[in-house]
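Listing of final-v1.txt, compact mmCIF, C-alpha atoms
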```txt
# COMPACT_ATOMS: atom_id res chain seq x y z
CA MET Y 1 25.29 100.65 146.18
CA SER Y 2 26.42 98.81 143.10
CA SER Y 3 24.40 98.17 140.03
CA THR Y 4 25.04 96.13 136.97
CA PHE Y 5 23.69 96.83 133.54
CA SER Y 6 21.59 94.16 131.95
CA THR Y 7 23.57 92.07 129.49
CA ASN Y 8 20.40 91.15 127.69
CA SER Y 9 20.24 94.19 125.44
CA PRO Y 10 20.57 93.17 121.81
CA ALA Y 11 23.99 93.28 120.22
CA TYR Y 12 24.60 94.00 116.58
CA ILE Y 13 27.66 93.68 114.40
CA THR Y 14 28.18 94.93 110.89
CA VAL Y 15 29.42 92.28 108.50
CA LEU Y 16 31.14 93.50 105.35
CA TYR Y 17 31.37 91.44 102.20
CA PHE Y 18 33.70 92.04 99.28
CA ALA Y 19 34.52 90.37 96.00
CA ALA Y 20 33.24 86.78 95.74
CA ALA Y 21 31.40 86.96 99.08
CA SER Y 22 29.58 90.09 97.97
CA THR Y 23 28.79 88.71 94.52
CA THR Y 24 27.47 85.45 96.01
CA LEU Y 25 25.12 87.21 98.40
CA GLY Y 26 24.27 90.21 96.26
CA ILE Y 27 24.99 92.53 99.19
CA SER Y 28 28.07 94.23 100.51
CA GLU Y 29 27.10 94.67 104.12
CA GLU Y 30 24.50 93.71 106.68
CA LEU Y 31 23.69 94.28 110.32
CA ILE Y 32 23.61 91.01 112.22
CA SER Y 33 22.09 90.39 115.62
CA ILE Y 34 24.37 88.35 117.87
CA PRO Y 35 24.22 87.17 121.46
CA SER Y 36 25.44 89.99 123.68
CA ASP Y 37 27.82 87.67 125.49
CA GLY Y 38 29.96 84.70 124.73
CA PHE Y 39 29.71 84.79 120.94
CA TYR Y 40 33.01 84.19 119.22
CA LEU Y 41 34.20 84.85 115.70
CA PHE Y 42 34.49 81.16 114.84
CA GLN Y 43 30.74 80.87 115.38
CA LEU Y 44 29.90 83.54 112.85
CA THR Y 45 30.27 81.30 109.77
CA ASP Y 46 27.46 79.00 110.87
CA LEU Y 47 25.27 81.93 111.82
CA LEU Y 48 25.73 83.53 108.40
CA ILE Y 49 25.17 80.25 106.54
CA GLU Y 50 21.94 79.68 108.44
CA ARG Y 51 20.85 83.25 107.77
CA HIS Y 52 21.41 82.81 104.03
CA SER Y 53 20.59 79.11 103.78
CA LEU Y 54 17.50 79.50 101.63
CA SER Y 55 19.39 81.25 98.87
CA ASP Y 56 23.13 80.75 98.75
CA GLY Y 57 24.12 78.64 101.75
CA ASP Y 58 26.35 76.16 99.91
CA THR Y 59 28.22 78.71 97.84
CA LEU Y 60 28.55 80.97 100.85
CA ARG Y 61 30.07 78.16 102.89
CA LYS Y 62 32.68 77.56 100.19
CA VAL Y 63 33.53 81.26 100.14
CA LEU Y 64 33.67 81.60 103.94
CA ASP Y 65 35.76 78.47 104.36
CA SER Y 66 38.41 79.89 102.04
CA SER Y 67 38.33 83.37 103.57
CA GLN Y 68 40.02 85.12 106.42
CA TRP Y 69 38.36 87.56 108.79
CA SER Y 70 38.99 91.03 110.10
CA VAL Y 71 37.44 92.62 113.17
CA ASN Y 72 37.42 96.40 113.47
CA ALA Y 73 39.87 96.58 110.57
CA GLU Y 74 42.44 94.24 112.11
CA MET Y 75 43.12 90.86 110.53
CA VAL Y 76 42.46 87.87 112.77
CA ASP Y 77 44.79 84.90 112.50
CA ASP Y 78 43.00 81.62 111.82
CA GLU Y 79 44.17 80.20 115.14
CA ASP Y 80 42.56 83.11 116.98
CA LEU Y 81 39.02 82.69 115.63
CA THR Y 82 38.05 80.93 118.87
CA LYS Y 83 39.53 83.70 120.97
CA VAL Y 84 37.94 86.81 119.49
CA GLU Y 85 34.64 87.58 121.20
CA LEU Y 86 32.25 89.60 119.08
CA LYS Y 87 30.60 92.55 120.80
CA ASP Y 88 27.99 95.15 119.95
CA GLY Y 89 29.19 97.66 117.38
CA MET Y 90 32.05 95.67 115.91
CA GLU Y 91 32.75 95.69 112.19
CA VAL Y 92 33.60 92.22 110.87
CA ALA Y 93 34.73 91.71 107.31
CA VAL Y 94 35.00 88.57 105.20
CA ILE Y 95 38.41 88.74 103.55
CA CYS Y 96 38.42 86.46 100.50
CA PRO Y 97 41.79 85.61 98.94
CA VAL Y 98 43.14 88.93 97.73
CA SER Y 99 44.19 89.92 94.23
CA GLY Y 100 45.55 93.42 94.35
CA GLY Y 101 48.71 94.69 92.71
CA MET J 1 25.64 95.79 91.73
CA LEU J 2 27.13 98.85 93.36
CA PRO J 3 30.64 98.52 94.79
CA PRO J 4 30.80 97.99 98.55
CA GLY J 5 30.32 101.12 100.62
CA SER J 6 33.73 100.47 102.18
CA SER J 7 35.48 100.42 98.80
CA VAL J 8 36.05 104.14 98.83
CA GLU J 9 38.89 106.40 97.80
CA GLY J 10 41.38 107.09 100.52
CA CYS J 11 44.95 107.92 101.26
CA LEU J 12 47.42 107.41 104.03
CA GLU J 13 50.48 109.51 104.68
CA LEU J 14 53.34 108.27 106.77
CA PRO J 15 56.85 109.57 107.23
CA GLY J 16 58.52 109.42 103.84
CA ALA J 17 55.65 107.63 102.13
CA SER J 18 52.25 108.23 100.68
CA CYS J 19 49.69 105.55 99.74
CA SER J 20 46.40 105.98 97.99
CA LEU J 21 43.44 104.13 96.57
CA SER J 22 41.52 105.96 93.89
CA ASN J 23 40.05 105.39 90.45
CA ARG J 24 42.71 107.76 89.12
CA LEU J 25 46.47 107.74 89.40
CA ASP J 26 48.62 110.83 89.71
CA SER J 27 50.72 111.49 86.65
CA LEU J 28 54.09 109.74 86.61
CA GLU J 29 55.75 113.12 86.59
CA SER J 30 53.91 114.06 89.77
CA ILE J 31 54.71 110.74 91.45
CA ILE J 32 58.39 111.04 90.63
CA LYS J 33 58.40 114.56 91.96
CA GLN J 34 56.82 113.28 95.19
CA VAL J 35 59.68 110.83 95.80
CA SER J 36 62.48 113.04 94.51
CA ASN J 37 65.04 113.99 97.07
CA ASP J 38 68.42 115.62 96.51
CA ARG J 39 70.00 113.08 98.90
CA PHE J 40 68.84 110.19 96.74
CA GLY J 41 70.48 108.94 93.55
CA ALA J 42 67.96 106.35 92.50
CA ILE J 43 64.24 106.16 91.78
CA ALA J 44 62.77 102.74 90.94
CA THR J 45 59.23 102.85 89.65
CA PHE J 46 56.98 99.87 88.95
CA ILE J 47 53.81 100.19 86.93
CA GLY J 48 51.38 97.25 86.86
CA THR J 49 49.18 97.24 83.80
CA THR J 50 46.11 95.21 82.95
CA ARG J 51 46.47 92.47 80.36
CA ASN J 52 44.03 91.74 77.58
CA SER J 53 43.84 87.98 78.00
CA PHE J 54 43.78 85.21 80.54
CA GLN J 55 44.10 81.54 79.60
CA GLY J 56 42.99 82.21 76.06
CA LYS J 57 40.03 84.37 77.03
CA VAL J 58 39.85 88.00 75.97
CA VAL J 59 39.56 90.42 78.88
CA THR J 60 37.19 93.29 78.21
CA LYS J 61 37.58 95.17 81.48
CA LEU J 62 38.67 94.84 85.07
CA GLU J 63 37.19 96.01 88.32
CA TYR J 64 38.98 96.49 91.62
CA GLN J 65 37.44 96.66 95.08
CA ALA J 66 39.19 97.40 98.33
CA TYR J 67 38.39 97.34 102.01
CA THR J 68 39.97 100.72 101.94
CA LYS J 69 40.59 101.47 105.58
CA LEU J 70 42.23 98.09 106.13
CA ALA J 71 44.05 98.00 102.78
CA LEU J 72 45.66 101.37 103.52
CA LYS J 73 46.64 100.21 106.99
CA THR J 74 48.16 97.07 105.47
CA ILE J 75 50.11 99.04 102.86
CA GLY J 76 51.30 101.41 105.60
CA ASN J 77 52.57 98.42 107.59
CA ILE J 78 54.31 97.08 104.48
CA ILE J 79 56.16 100.40 104.17
CA ILE J 80 57.16 100.17 107.85
CA ASP J 81 58.37 96.57 107.27
CA ALA J 82 60.33 97.73 104.24
CA ARG J 83 62.15 100.22 106.46
CA SER J 84 63.53 97.38 108.55
CA HIS J 85 65.41 96.22 105.44
CA ASN J 86 66.16 99.66 104.04
CA PRO J 87 65.71 102.56 106.45
CA ASP J 88 66.37 105.33 103.96
CA PHE J 89 63.78 105.63 101.21
CA GLN J 90 60.74 107.56 100.11
CA ALA J 91 57.81 105.81 98.48
CA VAL J 92 54.55 106.46 96.74
CA VAL J 93 52.11 103.58 96.33
CA GLN J 94 48.95 104.18 94.33
CA HIS J 95 46.40 101.50 93.47
CA ARG J 96 43.34 102.06 91.36
CA ILE J 97 39.91 100.92 92.45
CA GLY J 98 36.72 100.78 90.43
CA VAL J 99 36.66 99.98 86.72
CA VAL J 100 40.02 99.87 84.95
CA GLY J 101 40.27 99.39 81.20
CA VAL J 102 42.48 96.84 79.49
CA GLY J 103 46.03 98.02 78.97
CA GLU J 104 45.79 100.68 81.65
CA PRO J 105 48.00 101.05 84.71
CA SER J 106 46.39 99.67 87.85
CA ILE J 107 49.20 100.19 90.36
CA VAL J 108 52.24 102.42 90.62
CA ILE J 109 54.97 101.99 93.20
CA SER J 110 57.79 104.47 93.14
CA VAL J 111 60.71 104.25 95.56
CA SER J 112 63.65 106.60 95.89
CA SER J 113 66.75 105.75 97.83
CA PRO J 114 70.39 106.82 97.93
CA HIS J 115 71.47 103.90 95.72
CA ARG J 116 69.90 101.77 93.02
CA LYS J 117 70.18 98.34 94.66
CA GLU J 118 68.04 99.39 97.61
CA ALA J 119 65.60 101.30 95.43
CA PHE J 120 64.96 98.22 93.23
CA HIS J 121 64.75 95.84 96.21
CA THR J 122 62.41 98.04 98.21
CA CYS J 123 60.16 98.61 95.22
CA GLU J 124 59.94 94.87 94.58
CA PHE J 125 59.42 94.10 98.27
CA ILE J 126 56.51 96.53 98.50
CA LEU J 127 54.95 95.13 95.32
CA GLU J 128 55.16 91.50 96.42
CA GLU J 129 53.79 92.30 99.87
CA VAL J 130 50.93 94.35 98.43
CA LYS J 131 50.03 91.43 96.18
CA ARG J 132 50.21 89.04 99.09
CA LYS J 133 48.38 90.99 101.76
CA ALA J 134 46.56 94.15 100.72
CA GLN J 135 42.79 93.85 101.03
CA ILE J 136 42.18 94.60 97.36
CA TRP J 137 40.36 92.35 94.89
CA LYS J 138 40.39 92.20 91.10
CA ARG J 139 37.55 91.00 88.92
CA GLU J 140 38.11 90.15 85.26
CA TYR J 141 35.36 90.37 82.67
CA TYR J 142 35.73 88.17 79.60
CA GLU J 143 34.43 88.60 76.09
CA GLY J 144 31.39 86.50 75.35
CA GLU J 145 30.65 85.78 79.00
CA ASP J 146 27.83 87.16 81.09
CA GLU J 147 29.04 89.94 83.37
CA SER J 148 27.42 88.25 86.35
CA GLN J 149 29.80 85.30 85.82
CA ALA J 150 32.95 87.42 85.90
CA GLU J 151 35.50 85.89 88.25
CA TRP J 152 37.13 87.46 91.26
CA LYS J 153 40.79 86.54 91.00
CA SER J 154 43.11 85.32 93.71
CA ASN J 155 46.83 85.95 93.99
CA VAL J 156 47.55 82.66 95.73
```

Could you render the structure from this file as structure tokens?
Amino acid sequence: MSSTFSTNSPAYITVLYFAAASTTLGISEELISIPSDGFYLFQLTDLLIERHSLSDGDTLRKVLDSSQWSVNAEMVDDEDLTKVELKDGMEVAVICPVSGG
Amino acid sequence: MLPPGSSVEGCLELPGASCSLSNRLDSLESIIKQVSNDRFGAIATFIGTTRNSFQGKVVTKLEYQAYTKLALKTIGNIIIDARSHNPDFQAVVQHRIGVVGVGEPSIVISVSSPHRKEAFHTCEFILEEVKRKAQIWKREYYEGEDESQAEWKSNV
């Protein structure tokens, strides 16, 4: 007898903000609810903008458009944003242009 | 605003190299001792220090944040890349996070190698790659400006 688990259980990712992204939003991390299936990294920008639209949507869009992304502490190339599917438990970080050294 | 919870102190050890993020730096003497090796005839050490002005504005302090776990991974990979150009070296890379005063060292990279040419090149390579890729951010605070307006810099 086979059984399949429901794919309707809620999925959550942690989004980390640093530097300008963090200053813009006033937070450095948040737990975001995402669809449990078929939600890709390239869709996250719009979701975050909508989530923060009442306060800092425009500034946040500028920051996100100039930033890269990491998923589970691995950088994602810009051309792969449409290929990385976000799943429950992942840690996604907004990586603004860096200024170390 | 508190620094991000992920901007923590941390260190990464790999064969022949040690990298760390911390508000403090080891003493230069200690760093040099860490890279010293009787087989090696050269130690090249770079110290980055914070400047007191930017485009005519007086800098009062700096603040560094890092996505530590990824920044350390990135620096570790830079060391591994450096070995493809120069297989025989030891390195210590230390970057400060948190508040750093003007005129203070913010990064130290020390590389030892059998000969000076490779030591200089590897040290410079690591520095340029850290500036290009490491997930570390610098914020400069200027005299006469509200702290909330302090800019996060970009290396590009």

TODO: Would you list the residues near (39.3, 105.7, 98.0) (no more than 6 Å away, in the coordinates of the file, using only C-alpha atoms) as a list in words?
DONE: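 Residues with an atom at most 6 Å from (39.3, 105.7, 98.0): Val8, Glu9, Gly10, Leu21 and Ser22 of chain J.
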
- [ ] Would you kindly return, as a list of chain:residue names, each protein, DNA or RNA residue with an atom no farther than 7 Å from any atom of stretch 85-88 of chain Y, considering all atoms listed in the file and excluding same-chain residues fewer than 4 positions away?
- [x]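 The residues satisfying every condition are Y:Ala11, Y:Tyr12, Y:Ile13, Y:Ser36, Y:Gly38, Y:Phe39, Y:Tyr40, Y:Leu41.
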
TODO: Give the residues of chain J that lie within 8 Å of chain Y; count all atoms listed in the file, and format the answer as a VMD selection string.
DONE: chain J and resid 1 3 to 5 48 64 to 67 69 to 70 95 106 to 107 127 130 to 139 151 to 156

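Put simply, atom CA of Y:Val15 is 19.0 Å away from atom CA of J:Lys73.
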
Task: Atom-to-atom span, atom CA of J:Val99 and atom CA of J:Leu28, Å - done: 20.0 Å

TODO: Give the answer as one residue: which of J:Leu62, J:Ala71, J:Ala44, J:Ile79 has the shortest atom-to-atom distance to J:Gly101, using all atoms listed in the file?
DONE: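 Smallest distance to J:Gly101 is found for J:Leu62.
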
- [ ] State, in Å with one decimal place, the distance from atom CA of J:Phe120 to atom CA of J:Ser18.
- [x]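 Atom-to-atom, atom CA of J:Phe120 and atom CA of J:Ser18 are spaced 17.8 Å apart.
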
- [ ] Counting only C-alpha atoms, figure out which residue out of Y:Met90, Y:Asp58, Y:Phe42, Y:Arg51 gets nearest to Y:Asp77.
- [x] Y:Phe42

Task: Residue among J:Val100, J:Ala82, J:Ile75, J:Ala150 lying closest to J:Cys123, counting only C-alpha atoms - done: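 Under the stated criterion, the closest residue is J:Ala82.
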
Task: Shell around Y:Thr14 at 6 Å using only C-alpha atoms, local window under 2 positions removed, as a list in words - done: Glu30, Leu31 and Glu91 of chain Y

Task: stretch 110-112 of chain J environment, 8 Å, all atoms listed in the file, sequence neighbours closer than 6 positions dropped, as a list in words - done: Ile31, Ile32, Val35, Ser36, Asn37, Phe40, Gly41, Ala42, Ile43, Ala44, Thr45, Phe46, Phe89, Gln90, Ala91, Val92, Val93, Ala119, Phe120, Thr122 and Cys123 of chain J

Could you pull the residues within 12 Å of Y:Gln43, counting only C-alpha atoms, minus those fewer than 5 positions along the same chain, as a CSV table (one decimal) with C-alpha atoms, in the coordinates of the input?
```csv
chain,number,residue,atom,x,y,z
Y,34,ILE,CA,24.4,88.4,117.9
Y,35,PRO,CA,24.2,87.2,121.5
Y,38,GLY,CA,30.0,84.7,124.7
Y,48,LEU,CA,25.7,83.5,108.4
Y,49,ILE,CA,25.2,80.2,106.5
Y,50,GLU,CA,21.9,79.7,108.4
Y,64,LEU,CA,33.7,81.6,103.9
Y,81,LEU,CA,39.0,82.7,115.6
Y,82,THR,CA,38.0,80.9,118.9
Y,83,LYS,CA,39.5,83.7,121.0
Y,84,VAL,CA,37.9,86.8,119.5
Y,85,GLU,CA,34.6,87.6,121.2
Y,86,LEU,CA,32.2,89.6,119.1
```

Using the partial input, fill out stretch 16-38 of chain J with N, CA and C atoms; write the result as a PDB file, in the coordinates of the input.
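Heads up, here's the output in out-v3.pdb:
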```
ATOM      1  N   GLY J  16      57.802 109.846 105.032  1.00  0.00           N
ATOM      2  CA  GLY J  16      58.520 109.420 103.840  1.00  0.00           C
ATOM      3  C   GLY J  16      57.725 108.549 102.886  1.00  0.00           C
ATOM      4  N   ALA J  17      56.413 108.468 103.055  1.00  0.00           N
ATOM      5  CA  ALA J  17      55.650 107.630 102.130  1.00  0.00           C
ATOM      6  C   ALA J  17      54.217 108.104 102.041  1.00  0.00           C
ATOM      7  N   SER J  18      53.638 107.853 100.876  1.00  0.00           N
ATOM      8  CA  SER J  18      52.250 108.230 100.680  1.00  0.00           C
ATOM      9  C   SER J  18      51.580 107.105  99.884  1.00  0.00           C
ATOM     10  N   CYS J  19      50.399 106.666 100.364  1.00  0.00           N
ATOM     11  CA  CYS J  19      49.690 105.550  99.740  1.00  0.00           C
ATOM     12  C   CYS J  19      48.306 106.016  99.399  1.00  0.00           C
ATOM     13  N   SER J  20      47.783 105.598  98.266  1.00  0.00           N
ATOM     14  CA  SER J  20      46.400 105.980  97.990  1.00  0.00           C
ATOM     15  C   SER J  20      45.660 104.954  97.158  1.00  0.00           C
ATOM     16  N   LEU J  21      44.363 104.950  97.353  1.00  0.00           N
ATOM     17  CA  LEU J  21      43.440 104.130  96.570  1.00  0.00           C
ATOM     18  C   LEU J  21      42.472 105.098  95.914  1.00  0.00           C
ATOM     19  N   SER J  22      42.356 105.013  94.601  1.00  0.00           N
ATOM     20  CA  SER J  22      41.520 105.960  93.890  1.00  0.00           C
ATOM     21  C   SER J  22      41.256 105.404  92.499  1.00  0.00           C
ATOM     22  N   ASN J  23      40.225 105.868  91.818  1.00  0.00           N
ATOM     23  CA  ASN J  23      40.050 105.390  90.450  1.00  0.00           C
ATOM     24  C   ASN J  23      41.110 105.986  89.518  1.00  0.00           C
ATOM     25  N   ARG J  24      41.683 107.092  89.930  1.00  0.00           N
ATOM     26  CA  ARG J  24      42.710 107.760  89.120  1.00  0.00           C
ATOM     27  C   ARG J  24      44.086 107.567  89.730  1.00  0.00           C
ATOM     28  N   LEU J  25      45.095 107.684  88.906  1.00  0.00           N
ATOM     29  CA  LEU J  25      46.470 107.740  89.400  1.00  0.00           C
ATOM     30  C   LEU J  25      47.005 109.140  89.169  1.00  0.00           C
ATOM     31  N   ASP J  26      47.899 109.580  90.012  1.00  0.00           N
ATOM     32  CA  ASP J  26      48.620 110.830  89.710  1.00  0.00           C
ATOM     33  C   ASP J  26      49.462 110.576  88.462  1.00  0.00           C
ATOM     34  N   SER J  27      49.848 111.656  87.806  1.00  0.00           N
ATOM     35  CA  SER J  27      50.720 111.490  86.650  1.00  0.00           C
ATOM     36  C   SER J  27      52.076 110.962  87.134  1.00  0.00           C
ATOM     37  N   LEU J  28      52.768 110.261  86.252  1.00  0.00           N
ATOM     38  CA  LEU J  28      54.090 109.740  86.610  1.00  0.00           C
ATOM     39  C   LEU J  28      55.021 110.865  87.021  1.00  0.00           C
ATOM     40  N   GLU J  29      54.896 111.972  86.300  1.00  0.00           N
ATOM     41  CA  GLU J  29      55.750 113.120  86.590  1.00  0.00           C
ATOM     42  C   GLU J  29      55.514 113.585  88.042  1.00  0.00           C
ATOM     43  N   SER J  30      54.246 113.617  88.422  1.00  0.00           N
ATOM     44  CA  SER J  30      53.910 114.060  89.770  1.00  0.00           C
ATOM     45  C   SER J  30      54.417 113.056  90.799  1.00  0.00           C
ATOM     46  N   ILE J  31      54.263 111.770  90.509  1.00  0.00           N
ATOM     47  CA  ILE J  31      54.710 110.740  91.450  1.00  0.00           C
ATOM     48  C   ILE J  31      56.220 110.805  91.638  1.00  0.00           C
ATOM     49  N   ILE J  32      56.931 110.959  90.546  1.00  0.00           N
ATOM     50  CA  ILE J  32      58.390 111.040  90.630  1.00  0.00           C
ATOM     51  C   ILE J  32      58.817 112.269  91.417  1.00  0.00           C
ATOM     52  N   LYS J  33      58.097 113.355  91.207  1.00  0.00           N
ATOM     53  CA  LYS J  33      58.400 114.560  91.960  1.00  0.00           C
ATOM     54  C   LYS J  33      58.186 114.318  93.461  1.00  0.00           C
ATOM     55  N   GLN J  34      57.130 113.544  93.777  1.00  0.00           N
ATOM     56  CA  GLN J  34      56.820 113.280  95.190  1.00  0.00           C
ATOM     57  C   GLN J  34      57.921 112.485  95.881  1.00  0.00           C
ATOM     58  N   VAL J  35      58.627 111.630  95.151  1.00  0.00           N
ATOM     59  CA  VAL J  35      59.680 110.830  95.800  1.00  0.00           C
ATOM     60  C   VAL J  35      61.067 111.438  95.613  1.00  0.00           C
ATOM     61  N   SER J  36      61.156 112.467  94.773  1.00  0.00           N
ATOM     62  CA  SER J  36      62.480 113.040  94.510  1.00  0.00           C
ATOM     63  C   SER J  36      63.078 113.682  95.745  1.00  0.00           C
ATOM     64  N   ASN J  37      64.350 113.488  95.882  1.00  0.00           N
ATOM     65  CA  ASN J  37      65.040 113.990  97.070  1.00  0.00           C
ATOM     66  C   ASN J  37      66.500 114.158  96.673  1.00  0.00           C
ATOM     67  N   ASP J  38      67.035 115.333  96.922  1.00  0.00           N
ATOM     68  CA  ASP J  38      68.420 115.620  96.510  1.00  0.00           C
ATOM     69  C   ASP J  38      69.435 114.668  97.142  1.00  0.00           C
TER      70      ASP J  38
END
```
